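Student: Got a file for you: final20.pdb, PDB, C-alpha atoms.
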```pdb
ATOM      1  CA  MET A   1    -105.144  14.149  60.582
ATOM      2  CA  LYS A   2    -107.808  11.543  61.197
ATOM      3  CA  PHE A   3    -107.193   7.908  60.174
ATOM      4  CA  SER A   4    -110.421   8.027  58.128
ATOM      5  CA  THR A   5    -108.992  10.833  55.988
ATOM      6  CA  TYR A   6    -106.743   8.228  54.318
ATOM      7  CA  ILE A   7    -108.761   5.026  54.668
ATOM      8  CA  VAL A   8    -112.214   6.094  53.476
ATOM      9  CA  PRO A   9    -111.089   7.576  50.107
ATOM     10  CA  ALA A  10    -108.895   4.506  49.548
ATOM     11  CA  LEU A  11    -111.805   2.159  50.167
ATOM     12  CA  VAL A  12    -114.030   4.154  47.811
ATOM     13  CA  ALA A  13    -111.359   4.093  45.085
ATOM     14  CA  ALA A  14    -110.874   0.348  45.498
ATOM     15  CA  ALA A  15    -114.611  -0.231  45.236
ATOM     16  CA  ILE A  16    -114.773   1.768  42.025
ATOM     17  CA  ALA A  17    -111.764  -0.032  40.516
ATOM     18  CA  ALA A  18    -112.871  -3.560  41.443
ATOM     19  CA  PRO A  19    -114.956  -5.339  38.796
ATOM     20  CA  ALA A  20    -118.551  -6.129  39.601
ATOM     21  CA  THR A  21    -119.538  -9.731  40.270
ATOM     22  CA  ALA A  22    -118.558 -11.588  37.132
ATOM     23  CA  GLU A  23    -121.244 -12.674  34.690
ATOM     24  CA  THR A  24    -120.510 -16.276  33.734
ATOM     25  CA  LEU A  25    -121.452 -18.032  30.495
ATOM     26  CA  ARG A  26    -121.365 -21.833  30.324
ATOM     27  CA  ILE A  27    -120.434 -22.861  26.781
ATOM     28  CA  GLN A  28    -119.823 -26.302  25.266
ATOM     29  CA  ASN A  29    -117.804 -27.063  22.143
ATOM     30  CA  HIS A  30    -117.004 -30.383  20.444
ATOM     31  CA  TYR A  31    -113.225 -30.067  20.182
ATOM     32  CA  ALA A  32    -110.562 -31.458  22.481
ATOM     33  CA  PRO A  33    -108.517 -28.665  24.097
ATOM     34  CA  GLU A  34    -105.271 -29.950  22.573
ATOM     35  CA  THR A  35    -106.554 -29.698  18.975
ATOM     36  CA  GLU A  36    -105.825 -26.566  16.955
ATOM     37  CA  SER A  37    -109.483 -25.521  17.124
ATOM     38  CA  GLY A  38    -109.497 -26.205  20.867
ATOM     39  CA  LYS A  39    -106.455 -23.994  21.348
ATOM     40  CA  GLN A  40    -108.097 -21.186  19.385
ATOM     41  CA  ILE A  41    -111.215 -21.493  21.557
ATOM     42  CA  GLN A  42    -109.048 -21.175  24.673
ATOM     43  CA  GLN A  43    -107.750 -17.908  23.225
ATOM     44  CA  PHE A  44    -111.362 -16.785  22.656
ATOM     45  CA  VAL A  45    -112.066 -17.367  26.363
ATOM     46  CA  ASP A  46    -108.987 -15.351  27.303
ATOM     47  CA  ASP A  47    -109.925 -12.532  24.901
ATOM     48  CA  VAL A  48    -113.367 -12.193  26.480
ATOM     49  CA  THR A  49    -111.890 -12.151  29.984
ATOM     50  CA  VAL A  50    -109.304  -9.488  29.132
ATOM     51  CA  MET A  51    -111.635  -7.250  27.105
ATOM     52  CA  SER A  52    -114.259  -7.319  29.857
ATOM     53  CA  GLY A  53    -111.771  -6.604  32.620
ATOM     54  CA  GLY A  54    -112.709  -9.902  34.196
ATOM     55  CA  ASP A  55    -116.403  -9.145  34.694
ATOM     56  CA  LEU A  56    -117.514 -11.510  31.923
ATOM     57  CA  ALA A  57    -116.268 -15.027  32.518
ATOM     58  CA  ILE A  58    -116.644 -18.133  30.363
ATOM     59  CA  GLU A  59    -116.791 -21.653  31.705
ATOM     60  CA  MET A  60    -115.848 -23.604  28.573
ATOM     61  CA  PHE A  61    -116.593 -27.315  28.290
ATOM     62  CA  TYR A  62    -114.512 -29.177  25.704
ATOM     63  CA  SER A  63    -115.081 -32.462  23.855
ATOM     64  CA  SER A  64    -118.854 -32.355  24.468
ATOM     65  CA  SER A  65    -118.239 -33.163  28.123
ATOM     66  CA  VAL A  66    -121.649 -32.042  29.456
ATOM     67  CA  VAL A  67    -124.021 -33.446  26.830
ATOM     68  CA  LYS A  68    -123.572 -35.162  23.458
ATOM     69  CA  THR A  69    -122.554 -32.909  20.593
ATOM     70  CA  VAL A  70    -125.938 -33.149  18.884
ATOM     71  CA  GLU A  71    -127.661 -32.223  22.172
ATOM     72  CA  THR A  72    -125.644 -29.044  22.819
ATOM     73  CA  PHE A  73    -128.110 -26.749  21.045
ATOM     74  CA  ASP A  74    -131.052 -28.022  23.106
ATOM     75  CA  ALA A  75    -129.017 -27.868  26.317
ATOM     76  CA  ALA A  76    -128.372 -24.176  25.667
ATOM     77  CA  ALA A  77    -131.954 -23.473  24.624
ATOM     78  CA  THR A  78    -133.287 -25.028  27.852
ATOM     79  CA  GLY A  79    -130.733 -23.408  30.163
ATOM     80  CA  ILE A  80    -128.561 -26.406  31.014
ATOM     81  CA  LEU A  81    -125.843 -24.476  29.204
ATOM     82  CA  ASP A  82    -125.843 -20.832  28.140
ATOM     83  CA  CYS A  83    -124.304 -21.143  24.680
ATOM     84  CA  ASP A  84    -123.566 -23.722  21.994
ATOM     85  CA  MET A  85    -120.250 -23.712  20.117
ATOM     86  CA  THR A  86    -120.816 -26.720  17.823
ATOM     87  CA  GLY A  87    -122.608 -26.274  14.487
ATOM     88  CA  GLY A  88    -126.006 -25.725  12.911
ATOM     89  CA  ALA A  89    -125.769 -28.836  10.723
ATOM     90  CA  TYR A  90    -126.512 -30.981  13.778
ATOM     91  CA  GLN A  91    -129.996 -29.450  13.928
ATOM     92  CA  THR A  92    -131.379 -30.361  10.491
ATOM     93  CA  GLY A  93    -133.805 -32.729  12.219
ATOM     94  CA  LYS A  94    -135.481 -29.670  13.738
ATOM     95  CA  ASN A  95    -135.607 -27.775  10.478
ATOM     96  CA  PRO A  96    -133.885 -28.543   7.146
ATOM     97  CA  ALA A  97    -132.974 -24.850   7.007
ATOM     98  CA  PHE A  98    -130.131 -25.534   9.459
ATOM     99  CA  GLN A  99    -128.306 -27.294   6.610
ATOM    100  CA  PHE A 100    -127.773 -23.892   5.021
ATOM    101  CA  VAL A 101    -126.136 -22.382   8.084
ATOM    102  CA  GLY A 102    -124.204 -25.529   9.020
ATOM    103  CA  ASP A 103    -122.751 -27.052   5.852
ATOM    104  CA  ILE A 104    -123.962 -25.366   2.703
ATOM    105  CA  MET A 105    -122.508 -28.019   0.329
ATOM    106  CA  GLY A 106    -121.352 -26.873  -3.086
ATOM    107  CA  GLY A 107    -121.679 -23.176  -2.379
ATOM    108  CA  TYR A 108    -118.612 -21.064  -1.678
ATOM    109  CA  ASP A 109    -114.974 -21.548  -2.652
ATOM    110  CA  THR A 110    -113.357 -19.949   0.405
ATOM    111  CA  PRO A 111    -114.208 -19.242   4.055
ATOM    112  CA  TRP A 112    -114.034 -15.524   3.251
ATOM    113  CA  GLN A 113    -116.836 -15.806   0.680
ATOM    114  CA  GLN A 114    -118.982 -17.683   3.167
ATOM    115  CA  TYR A 115    -118.285 -15.150   5.923
ATOM    116  CA  ALA A 116    -119.126 -12.435   3.420
ATOM    117  CA  TRP A 117    -122.599 -13.913   2.906
ATOM    118  CA  LEU A 118    -123.225 -13.968   6.662
ATOM    119  CA  TYR A 119    -122.140 -10.371   7.235
ATOM    120  CA  ASN A 120    -123.562  -8.924   4.032
ATOM    121  CA  GLY A 121    -127.217  -9.834   4.163
ATOM    122  CA  GLY A 122    -127.383 -13.414   5.396
ATOM    123  CA  PHE A 123    -127.270 -12.817   9.123
ATOM    124  CA  GLU A 124    -130.867 -11.659   9.445
ATOM    125  CA  ALA A 125    -132.341 -14.796   7.841
ATOM    126  CA  ALA A 126    -129.978 -17.077   9.787
ATOM    127  CA  ASP A 127    -130.692 -15.390  13.121
ATOM    128  CA  ALA A 128    -134.432 -15.559  12.501
ATOM    129  CA  LEU A 129    -134.109 -19.342  12.213
ATOM    130  CA  TYR A 130    -132.238 -19.582  15.519
ATOM    131  CA  GLY A 131    -134.739 -17.293  17.183
ATOM    132  CA  GLN A 132    -137.575 -19.746  16.525
ATOM    133  CA  TYR A 133    -135.825 -22.162  18.890
ATOM    134  CA  GLY A 134    -135.031 -19.710  21.663
ATOM    135  CA  MET A 135    -131.453 -19.101  20.501
ATOM    136  CA  LYS A 136    -129.422 -16.116  19.294
ATOM    137  CA  LEU A 137    -126.753 -16.529  16.584
ATOM    138  CA  ILE A 138    -123.564 -14.656  17.481
ATOM    139  CA  GLY A 139    -121.195 -15.732  14.722
ATOM    140  CA  TRP A 140    -119.390 -18.475  12.794
ATOM    141  CA  SER A 141    -115.961 -20.025  12.564
ATOM    142  CA  ILE A 142    -114.962 -21.811   9.336
ATOM    143  CA  TYR A 143    -111.765 -23.828   8.935
ATOM    144  CA  GLY A 144    -112.060 -24.164   5.164
ATOM    145  CA  LEU A 145    -112.934 -26.636   2.454
ATOM    146  CA  GLU A 146    -112.814 -30.326   3.248
ATOM    147  CA  SER A 147    -110.756 -32.877   1.300
ATOM    148  CA  PHE A 148    -111.389 -36.558   0.660
ATOM    149  CA  ALA A 149    -109.225 -39.510   1.599
ATOM    150  CA  SER A 150    -109.433 -42.330  -0.936
ATOM    151  CA  THR A 151    -107.807 -45.643  -1.792
ATOM    152  CA  LYS A 152    -108.686 -44.929  -5.439
ATOM    153  CA  PRO A 153    -107.850 -41.872  -7.555
ATOM    154  CA  ILE A 154    -110.268 -38.991  -7.038
ATOM    155  CA  ARG A 155    -109.198 -36.703  -9.905
ATOM    156  CA  GLY A 156    -112.579 -35.380 -11.022
ATOM    157  CA  MET A 157    -116.250 -36.101 -11.589
ATOM    158  CA  ALA A 158    -115.618 -39.273 -13.606
ATOM    159  CA  ASP A 159    -113.949 -40.923 -10.595
ATOM    160  CA  LEU A 160    -117.139 -40.588  -8.530
ATOM    161  CA  LYS A 161    -118.755 -43.416 -10.507
ATOM    162  CA  ASP A 162    -119.399 -46.287  -8.048
ATOM    163  CA  TRP A 163    -117.030 -44.685  -5.524
ATOM    164  CA  LYS A 164    -118.074 -46.031  -2.119
ATOM    165  CA  PHE A 165    -117.270 -43.525   0.594
ATOM    166  CA  ARG A 166    -118.188 -42.582   4.124
ATOM    167  CA  SER A 167    -120.660 -39.704   4.098
ATOM    168  CA  PRO A 168    -122.644 -37.880   6.748
ATOM    169  CA  PRO A 169    -126.418 -38.323   6.365
ATOM    170  CA  GLY A 170    -128.737 -35.896   4.631
ATOM    171  CA  LEU A 171    -128.047 -33.506   1.791
ATOM    172  CA  GLU A 172    -124.565 -34.827   1.010
ATOM    173  CA  THR A 173    -125.744 -38.388   0.397
ATOM    174  CA  GLU A 174    -128.409 -37.101  -1.998
ATOM    175  CA  ILE A 175    -125.940 -35.018  -3.994
ATOM    176  CA  PHE A 176    -123.271 -37.679  -4.384
ATOM    177  CA  ALA A 177    -125.748 -40.457  -5.143
ATOM    178  CA  SER A 178    -127.120 -38.303  -7.980
ATOM    179  CA  LEU A 179    -123.571 -38.128  -9.385
ATOM    180  CA  GLY A 180    -123.061 -41.896  -9.402
ATOM    181  CA  ALA A 181    -121.188 -42.328  -6.128
ATOM    182  CA  LYS A 182    -122.221 -44.753  -3.402
ATOM    183  CA  PRO A 183    -122.274 -42.856  -0.115
ATOM    184  CA  VAL A 184    -122.287 -44.975   3.044
ATOM    185  CA  VAL A 185    -123.500 -43.344   6.254
ATOM    186  CA  MET A 186    -121.383 -44.438   9.187
ATOM    187  CA  ASP A 187    -120.113 -43.070  12.465
ATOM    188  CA  PHE A 188    -116.983 -40.927  12.346
ATOM    189  CA  THR A 189    -115.169 -43.392  14.602
ATOM    190  CA  GLU A 190    -115.612 -46.239  12.083
ATOM    191  CA  ILE A 191    -113.801 -44.573   9.174
ATOM    192  CA  PHE A 192    -110.285 -45.893   9.783
ATOM    193  CA  THR A 193    -111.315 -49.539  10.131
ATOM    194  CA  ALA A 194    -113.709 -49.321   7.168
ATOM    195  CA  LEU A 195    -110.901 -47.997   4.942
ATOM    196  CA  GLU A 196    -108.468 -50.576   6.246
ATOM    197  CA  THR A 197    -110.826 -53.484   5.551
ATOM    198  CA  GLY A 198    -112.032 -52.207   2.174
ATOM    199  CA  ILE A 199    -115.629 -51.684   3.255
ATOM    200  CA  ILE A 200    -115.316 -48.216   1.762
ATOM    201  CA  ASP A 201    -113.011 -46.745  -0.903
ATOM    202  CA  GLY A 202    -112.797 -43.339   0.695
ATOM    203  CA  ALA A 203    -114.119 -40.952   3.269
ATOM    204  CA  ASP A 204    -115.449 -37.461   3.724
ATOM    205  CA  ALA A 205    -113.954 -36.755   7.125
ATOM    206  CA  SER A 206    -112.440 -33.270   7.450
ATOM    207  CA  GLY A 207    -109.897 -30.888   5.981
ATOM    208  CA  LEU A 208    -106.538 -32.088   4.643
ATOM    209  CA  ALA A 209    -104.544 -31.336   7.811
ATOM    210  CA  ASN A 210    -107.105 -32.969  10.083
ATOM    211  CA  ASN A 211    -107.318 -36.038   7.837
ATOM    212  CA  LYS A 212    -103.538 -36.328   7.955
ATOM    213  CA  GLY A 213    -103.588 -35.989  11.727
ATOM    214  CA  MET A 214    -106.065 -38.862  11.958
ATOM    215  CA  GLY A 215    -103.756 -41.077   9.911
ATOM    216  CA  LEU A 216    -106.197 -41.584   7.037
ATOM    217  CA  TYR A 217    -103.486 -41.105   4.416
ATOM    218  CA  ASP A 218    -101.467 -43.944   5.924
ATOM    219  CA  ILE A 219    -104.070 -46.159   4.201
ATOM    220  CA  ALA A 220    -105.732 -43.977   1.580
ATOM    221  CA  LYS A 221    -103.052 -42.653  -0.774
ATOM    222  CA  ASN A 222    -105.276 -40.270  -2.755
ATOM    223  CA  ALA A 223    -106.680 -36.874  -1.837
ATOM    224  CA  ASN A 224    -108.077 -33.757  -3.449
ATOM    225  CA  PHE A 225    -107.019 -30.234  -2.559
ATOM    226  CA  PRO A 226    -108.330 -27.644  -2.349
ATOM    227  CA  GLY A 227    -111.690 -29.236  -1.731
ATOM    228  CA  PHE A 228    -114.951 -28.293  -3.370
ATOM    229  CA  HIS A 229    -117.873 -30.057  -1.747
ATOM    230  CA  SER A 230    -118.112 -29.202   1.947
ATOM    231  CA  MET A 231    -117.132 -26.268   4.152
ATOM    232  CA  PRO A 232    -118.847 -26.649   7.533
ATOM    233  CA  SER A 233    -119.297 -23.689   9.820
ATOM    234  CA  ASP A 234    -119.229 -23.921  13.596
ATOM    235  CA  HIS A 235    -121.369 -21.374  15.360
ATOM    236  CA  LEU A 236    -121.570 -19.525  18.621
ATOM    237  CA  ALA A 237    -125.251 -19.449  19.508
ATOM    238  CA  CYS A 238    -126.595 -18.447  22.898
ATOM    239  CA  ASN A 239    -129.798 -18.860  24.839
ATOM    240  CA  LYS A 240    -131.855 -15.849  23.748
ATOM    241  CA  ALA A 241    -133.022 -14.924  27.250
ATOM    242  CA  LYS A 242    -129.458 -15.137  28.554
ATOM    243  CA  TRP A 243    -128.194 -13.030  25.662
ATOM    244  CA  ASP A 244    -130.861 -10.386  26.226
ATOM    245  CA  SER A 245    -129.849 -10.163  29.892
ATOM    246  CA  LEU A 246    -126.263  -9.200  29.023
ATOM    247  CA  SER A 247    -125.121  -5.604  28.885
ATOM    248  CA  ASP A 248    -124.498  -3.993  25.517
ATOM    249  CA  GLN A 249    -120.797  -3.973  26.412
ATOM    250  CA  HIS A 250    -120.730  -7.724  27.039
ATOM    251  CA  LYS A 251    -122.668  -8.425  23.851
ATOM    252  CA  ARG A 252    -120.203  -6.364  21.817
ATOM    253  CA  ILE A 253    -117.232  -8.098  23.458
ATOM    254  CA  LEU A 254    -118.610 -11.531  22.545
ATOM    255  CA  GLU A 255    -119.319 -10.472  18.960
ATOM    256  CA  VAL A 256    -115.827  -9.029  18.494
ATOM    257  CA  ALA A 257    -114.096 -11.984  20.158
ATOM    258  CA  MET A 258    -116.050 -14.365  17.932
ATOM    259  CA  GLN A 259    -115.014 -12.478  14.809
ATOM    260  CA  LYS A 260    -111.377 -12.702  15.924
ATOM    261  CA  LEU A 261    -111.787 -16.448  16.504
ATOM    262  CA  SER A 262    -113.282 -16.792  13.015
ATOM    263  CA  PHE A 263    -110.375 -14.910  11.461
ATOM    264  CA  GLN A 264    -107.722 -16.883  13.332
ATOM    265  CA  ILE A 265    -109.220 -20.300  12.584
ATOM    266  CA  ALA A 266    -109.486 -19.591   8.860
ATOM    267  CA  LEU A 267    -105.905 -18.281   8.736
ATOM    268  CA  THR A 268    -104.490 -21.103  10.848
ATOM    269  CA  PHE A 269    -105.978 -23.847   8.713
ATOM    270  CA  GLU A 270    -104.956 -22.100   5.505
ATOM    271  CA  VAL A 271    -101.372 -22.586   6.659
ATOM    272  CA  LYS A 272    -101.818 -26.060   8.152
ATOM    273  CA  ASN A 273    -103.574 -27.449   5.082
ATOM    274  CA  LEU A 274    -100.818 -26.189   2.778
ATOM    275  CA  GLU A 275     -98.181 -27.643   5.094
ATOM    276  CA  ALA A 276    -100.053 -30.959   5.093
ATOM    277  CA  LYS A 277    -100.250 -30.906   1.287
ATOM    278  CA  ALA A 278     -96.479 -30.523   0.951
ATOM    279  CA  GLN A 279     -95.831 -33.271   3.509
ATOM    280  CA  LEU A 280     -98.291 -35.696   1.924
ATOM    281  CA  GLU A 281     -96.888 -35.157  -1.555
ATOM    282  CA  ALA A 282     -93.418 -35.866  -0.186
ATOM    283  CA  GLU A 283     -94.784 -39.099   1.284
ATOM    284  CA  GLY A 284     -96.185 -40.220  -2.053
ATOM    285  CA  VAL A 285     -99.852 -39.326  -1.626
ATOM    286  CA  THR A 286    -101.479 -38.277  -4.916
ATOM    287  CA  ILE A 287    -103.313 -34.975  -4.542
ATOM    288  CA  SER A 288    -105.661 -33.877  -7.309
ATOM    289  CA  ASN A 289    -106.943 -30.361  -7.931
ATOM    290  CA  TRP A 290    -110.316 -30.584  -9.661
ATOM    291  CA  SER A 291    -110.852 -28.574 -12.821
ATOM    292  CA  GLU A 292    -113.149 -25.579 -12.924
ATOM    293  CA  ALA A 293    -115.505 -27.577 -15.168
ATOM    294  CA  ASP A 294    -115.753 -30.423 -12.639
ATOM    295  CA  ARG A 295    -116.296 -27.988  -9.787
ATOM    296  CA  ALA A 296    -119.051 -26.247 -11.733
ATOM    297  CA  GLU A 297    -120.734 -29.570 -12.477
ATOM    298  CA  PHE A 298    -120.711 -30.503  -8.792
ATOM    299  CA  ARG A 299    -121.999 -27.070  -7.794
ATOM    300  CA  ALA A 300    -124.885 -27.383 -10.265
ATOM    301  CA  ALA A 301    -125.843 -30.807  -8.859
ATOM    302  CA  ALA A 302    -125.598 -29.524  -5.298
ATOM    303  CA  GLN A 303    -127.727 -26.482  -5.973
ATOM    304  CA  ALA A 304    -130.362 -28.605  -7.685
ATOM    305  CA  ALA A 305    -130.559 -30.582  -4.434
ATOM    306  CA  TRP A 306    -130.813 -27.314  -2.505
ATOM    307  CA  GLN A 307    -134.059 -26.546  -4.273
ATOM    308  CA  GLY A 308    -135.589 -29.789  -3.066
ATOM    309  CA  TRP A 309    -134.593 -28.971   0.488
ATOM    310  CA  ALA A 310    -135.836 -25.409   0.100
ATOM    311  CA  GLU A 311    -139.359 -26.724  -0.432
ATOM    312  CA  LYS A 312    -139.364 -28.417   2.965
ATOM    313  CA  THR A 313    -139.843 -25.291   5.105
ATOM    314  CA  PRO A 314    -140.247 -21.532   4.596
ATOM    315  CA  GLU A 315    -137.028 -20.954   6.558
ATOM    316  CA  ALA A 316    -135.096 -23.265   4.235
ATOM    317  CA  ARG A 317    -136.510 -21.414   1.232
ATOM    318  CA  ALA A 318    -135.474 -18.044   2.683
ATOM    319  CA  LEU A 319    -131.903 -19.199   3.265
ATOM    320  CA  VAL A 320    -131.509 -20.928  -0.095
ATOM    321  CA  ASP A 321    -132.792 -17.845  -1.901
ATOM    322  CA  SER A 322    -130.400 -15.671   0.093
ATOM    323  CA  HIS A 323    -127.409 -17.873  -0.783
ATOM    324  CA  MET A 324    -128.370 -18.071  -4.451
ATOM    325  CA  ALA A 325    -128.679 -14.298  -4.703
ATOM    326  CA  PHE A 326    -125.282 -13.794  -3.085
ATOM    327  CA  LEU A 327    -123.562 -16.508  -5.143
ATOM    328  CA  THR A 328    -124.949 -14.873  -8.271
ATOM    329  CA  LYS A 329    -123.638 -11.510  -7.081
ATOM    330  CA  LEU A 330    -120.171 -13.063  -6.636
ATOM    331  CA  GLY A 331    -120.323 -14.616 -10.095
ATOM    332  CA  LEU A 332    -120.171 -18.171  -8.703
ATOM    333  CA  VAL A 333    -123.627 -18.860 -10.129
ATOM    334  CA  LYS A 334    -124.629 -17.601 -13.561
ATOM    335  CA  LYS A 335    -128.009 -15.958 -14.069
TER     336      LYS A 335
END
```
Written as structure tokens, that's how I'd like the structure from this file.

Tutor:
Amino acid sequence: MKFSTYIVPALVAAAIAAPATAETLRIQNHYAPETESGKQIQQFVDDVTVMSGGDLAIEMFYSSSVVKTVETFDAAATGILDCDMTGGAYQTGKNPAFQFVGDIMGGYDTPWQQYAWLYNGGFEAADALYGQYGMKLIGWSIYGLESFASTKPIRGMADLKDWKFRSPPGLETEIFASLGAKPVVMDFTEIFTALETGIIDGADASGLANNKGMGLYDIAKNANFPGFHSMPSDHLACNKAKWDSLSDQHKRILEVAMQKLSFQIALTFEVKNLEAKAQLEAEGVTISNWSEADRAEFRAAAQAAWQGWAEKTPEARALVDSHMAFLTKLGLVKK
């Protein structure tokens, strides 16, 4: 029997089995790889590799190592990167509508409610906003409601009076100022020193577990849990031209892997925040759970501020109306 009788079929079979030249996506996120969110993102990369059989690869950049966090969106839109895994709230300077896909403020009580809006009618309006800037929204990840750290009690609405706290700029400062608080816009890196020196009474930093990890409760012995005011969503958004060039299989893999990442992050922080609560209480930190009446009062103030922002652009109006309709459907807003 000829040598080619064995070799040629083997070569053909190997060629069929071998994956095509891998498609590579360059993605930047703002988490360090050793953080819980960073570890979950590493699993996302692995999921995509395994589900694609190795023919869709991701080059993931952590800790905003290519460009600054706020520049990630533009870097993806212009082709320096392929995708952005930070958050829409960084882009409110482009269009105030990004506030309502980045940190809705005073909207939903759980990540699951917020995911439900996105996948039950909200996605179209959100994706239309991204499309105006050459980007395609793929999905969200939400780690849950944020909690305050405070050197003073933060038991309910009455304690907001003259409460000086670190706040991000924009919608949040407007809402809390209207409720009698004194928000101070400062860089995230300045929080610890500002608390230590008494420049501020408290801080809006992150969720309970993350705040504990940063050591904020070593100084600020008061917290609230579960939170009520802020539940930021990180997104996966890709350059539209790059996305359109992918196969339907690769698109579906990315969508499914992102939904798994969303699920895992929400579940992970549900556990970690409860663990942090028990540990902090054992260490003498006072944790307050706001009443339904106080939560409703904050939500009403927040949604009044939404209406002002909705008037800024048609896209903001479309998103605010979409959220209000869904919140009403859930019974979180009364007709």

Student: Could you write out as a list of chain:residue names the residues that the PyMOL selection byres ((chain A and resi 166-180) around 8) matches in the shown file?

Tutor: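 After applying the PyMOL selection byres ((chain A and resi 166-180) around 8), what remains is A:Gln99, A:Met105, A:Met157, A:Leu160, A:Lys161, A:Asp162, A:Trp163, A:Lys164, A:Phe165, A:Ala181, A:Lys182, A:Pro183, A:Val184, A:Val185, A:Met186, A:Ile191, A:Ile200, A:Gly202, A:Ala203, A:Asp204, A:Ala205, A:Ala301, A:Ala302, A:Ala305.
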
Student: Please evaluate the PyMOL selection byres ((chain A and resi 289) around 8) against the displayed coordinates and give the resulting residues as a list of chain:residue names.

Tutor: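 Applying the expression gives A:Arg155, A:Asn224, A:Phe225, A:Pro226, A:Gly227, A:Ile287, A:Ser288, A:Trp290, A:Ser291.
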
Student: Might you pull out every residue within 7 Å of segment 35-50 of chain A, with only C-alpha atoms counted and same-chain residues fewer than 6 positions away left off, and present them as a list in words?

Tutor: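 My list of contacting residues is Leu56, Ala57, Ile58, Ile253, Leu254, Ala257, Leu261 and Ile265 of chain A.
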
Student: The selected residues should be written to file as a compact mmCIF listing (two decimals), in the coordinates of the input (atoms: C-alpha atoms).

Tutor:
```
# COMPACT_ATOMS: atom_id res chain seq x y z
CA LEU A 56 -117.51 -11.51 31.92
CA ALA A 57 -116.27 -15.03 32.52
CA ILE A 58 -116.64 -18.13 30.36
CA ILE A 253 -117.23 -8.10 23.46
CA LEU A 254 -118.61 -11.53 22.54
CA ALA A 257 -114.10 -11.98 20.16
CA LEU A 261 -111.79 -16.45 16.50
CA ILE A 265 -109.22 -20.30 12.58
```

Student: Could you tell me which of A:Ala116, A:Val320, A:Ala223, A:Met231 comes closest to Gly284 of chain A if we count all atoms listed in the file?

Tutor: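 For Gly284 of chain A, the nearest of the given residues is A:Ala223.
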
Student: Kindly indicate which residue among A:Arg299, A:Lys272, A:Lys152, A:His235 lies nearest to Gly198 of chain A, using all atoms listed in the file for the distances.

Tutor: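 Comparing A:Arg299, A:Lys272, A:Lys152, A:His235 against Gly198 of chain A, the winner is A:Lys152.
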
Student: Around (-107.5, -45.5, -5.9) in the file's own coordinates, what residues are found within 9 Å if you use all atoms listed in the file, given back as a count of residues only?

Tutor: 10

Student: Point out the residue among A:Gly122, A:Gly156, A:Pro232, A:Gly54 with the least atom-to-atom distance to Ala89 of chain A, counting only C-alpha atoms.

Tutor: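 Selected residue with least distance to Ala89 of chain A: A:Pro232.
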
Student: Identify the residues within 12 Å of coordinate (-128.5, -23.3, -5.9) (same frame as the file), considering only C-alpha atoms, and give the answer as a PyMOL selection string.

Tutor: chain A and resi 100+104-108+296-310+317+319-328+332-335

Student: The PyMOL selection byres ((chain A and resi 78) around 12) on the file shown: which residues, as a list in words?

Tutor: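 Residues picked by the PyMOL selection byres ((chain A and resi 78) around 12): Glu71, Thr72, Phe73, Asp74, Ala75, Ala76, Ala77, Gly79, Ile80, Leu81, Asp82, Cys83, Asp84, Tyr133, Gly134, Met135, Cys238, Asn239, Lys240, Ala241 and Lys242 of chain A.
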
Student: How far is it from atom CA of Met85 of chain A to atom CA of Glu34 of chain A, in Å with one decimal?

Tutor: 16.4 Å

Student: Between atom CA of Val67 of chain A and atom CA of Leu267 of chain A, what is the spacing in Å?

Tutor: 29.8 Å

Student: For Lys312 of chain A, which residue out of A:Ile219, A:Leu118, A:Leu137, A:Ala97 is the nearest one, using only C-alpha atoms?

Tutor: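 Nearest candidate to Lys312 of chain A out of A:Ile219, A:Leu118, A:Leu137, A:Ala97: A:Ala97.
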
Student: Go through A:Ser230, A:Glu315, A:Gly331, A:Asn120 and flag the residue nearest Gln132 of chain A, using all atoms listed in the file for the distances.

Tutor: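 For Gln132 of chain A, the nearest of the given residues is A:Glu315.
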
Student: Within 8 Å of Phe61 of chain A, counting all atoms listed in the file, which residues show up once you throw out same-chain ones fewer than 5 positions away? Write them as a list of chain:residue names, please.

Tutor: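 These residues fall inside the cut-off: A:Arg26, A:Ile27, A:Gln28, A:Asn29, A:Val66.
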
Student: Could you jot down the atom CA of Val101 of chain A to atom CA of His229 of chain A separation for me, Å, one decimal place?

Tutor: 15.0 Å

Student: Restricting the calculation to all atoms listed in the file: of A:Asp234, A:Glu283, A:Phe269, A:Ala128, which residue gets closest to Tyr217 of chain A?

Tutor: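 So, comparing all the options, the nearest one is A:Glu283.
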